[in-house]
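Trainee: Below is a structure I'd like to ask you about.
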Amino acid sequence: MSRPHIVRRIAGAVRNFGFKQWFLLIVNVLLVVGSIACALGLRVISGTLETLTAAERFQGEGEIRFAQLAVFMPEGKGKSEEDIQRFRQSLDATLVEQSLEAPENGRLTIDAYCGFAGVTVSSENTTGTAVKAVGVGGDFFYFHPLTLLGGSYIRSGDLMDDLVVLDEEMAWRLFGGTDLAGLTMYINDKPFVVSGVVSRETDFATQKAYTGDGGVYMSYSALSRLVETASITCYEIVMPNPIRNFARGILEDFPADGGDLVENSSRYDLSHLLEVAKSFAERSMRLNGVIYPYWENAVRMTEDYAALLLVLAVLLALYPALGALVLLIRDIRRTYRFAKVRIPEQVDAAVEKRREERLEKAFKKKEEEPDGGSESS
């Protein structure tokens with residue numbers, strides 16, 4: 001059957017549509033459009049947060065697959081910098097055992113950690129303001145690449161740990177501007193030097209999740225000196241993941257005492273979103289004492305939206321898909337019935353026609369033969 005003939009059949013069928021057929025057609029088209037819109041929305045949401053792209057950026061053009069993971073510890077049961085160092089040494093030994101070697105002038109892992117503590121900040125022209133400071137270590141700003149408005153980030157390799165990074169709101173509150181690199185501020189009455197000023201993320205999830213705390217980033221070692229009860233409650237790492245769940249298996253025992261382990265590089269995978277949808281109600285309950293930082297709350301918010309969009313995309317596509325399947329089965333049955341009845345008839349007709357042609361040729365040949373017996377004598 002040629003394509004133009006199929007088009008004519010469809011056009012003819014559409015011309016003969018009644019109200020019911022037109023109604024069903026419009027409903028199915030709207031459902032398909034809605035399903036596509038949900039799928040596009042899911043794609044947009046999955047690329048919203050830059051904090052989930054560390055593994056992709058770290059891998060670059062390399063062939064080794066990497067995974068980005070985060071560990072969140074309960075309040076009062078955090079880690080120390082000595083714990084982080086011991087884990088790093090254990091991880092290096094594990095990677096060597098698995099014959100995973102870093103490229104020349106490169107490395108196989110990158111990590112960061114942080115803790116939170118209440119402090120009082122002030123400047124020469126302002127009185128003390130109570131805030132929750134973030135004590136950071138490792139390559140924190142690689143995982144959280146906040147846009148610099150001036151100055152530079154603080155790094156674990158800095159010779160001094162008296163540097164701080166302010167967000168834009170805190171910079172205006174303390175100094176009335178953002179070009180502050182080199183200026184002195186005070187944290188719990190101790191002098192610190194402003195290294196840089198950053199702007200907050202502008203995506204919808206972070207704007208909802210950020211409550212205003214954490215406008216001050218300082219070295220964790222400095223924070224632990226100022227606040228003796230401070231501890232590391234968030235640890236993030238990018239590491240090789242040559243097979244599924246390899247990296248996750250290594251970190252399984254790291255969040256002791258009921259902490260949470262999440263694999264950020266697979267937060268929007270189909271299987272994970274289905275798990276989110278399955279536990280949609282229970283996941284909002286926190287029973288292990290973990291208080292998520294704002295960036296994890298933002299991720300969980302986008303996960304909820306992504307899972308909802310996935311479910312809607314499937315449900316909206318279900319009715320048109322079932323309708324198309326019913327029509328396909330009906331068409332197959334009609335084709336089978338047609339083939340079962342008409343093909344034998346056509347075969348019999350072709351056989352009969354061929355037999356008649358042979359008889360006709362034989363009759364003509366007999367008529368054309370001369371009456372040889374009488375004429376030859």
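Lettering and numbering for the structure tokens are positional, with chains as A, B, ... in the shown order, residues counted from 1 in each chain, and ligands counted from 1 in the shown order.
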Please, which residues of stretch 3-99 of chain A, numbered as in this document, come out helix (DSSP H, G or I) from DSSP, as a ChimeraX atom specification?

Mentor: /A:3-15,19-46,50-52,54-59,81-97

Trainee: My list of candidates is A:Asn288, A:Ser231, A:Gln346, A:Ser265. Which is closest to A:Ser80 when distances are computed with only C-alpha atoms?

Mentor: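 Of A:Asn288, A:Ser231, A:Gln346, A:Ser265, the one nearest A:Ser80, counting only C-alpha atoms, is A:Ser231.
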
Trainee: If you measure from atom CA of A:Gly150 to atom CA of A:Tyr235, what distance in Å do you get, rounded to one decimal?

Mentor: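 Pair atom CA of A:Gly150 / atom CA of A:Tyr235 returns 26.9 Å.
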
Trainee: Just to confirm, what's the straight-line distance from atom CA of A:Val198 to atom CA of A:Tyr305 in Å (one decimal)?

Mentor: 27.7 Å

Trainee: Got a sec: who's within 12 Å of A:Leu91, counting only C-alpha atoms, leaving out chain neighbours fewer than 3 positions off, as a list of chain:residue names?

Mentor: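 In the requested format, the answer is A:Ile84, A:Gln85, A:Arg86, A:Phe87, A:Arg88, A:Thr94, A:Leu95, A:Val96, A:Glu97, A:Gln98, A:Leu100, A:Leu108, A:Thr109, A:Ile110, A:Asp111, A:Ile237, A:Val238, A:Met239, A:Pro240, A:Ala247, A:Gly249, A:Ile250, A:Leu251, A:Phe254.
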
Trainee: What does the distance between atom CA of A:Arg200 and atom CA of A:Asp158 come to in Å, to one decimal place?

Mentor: 23.6 Å
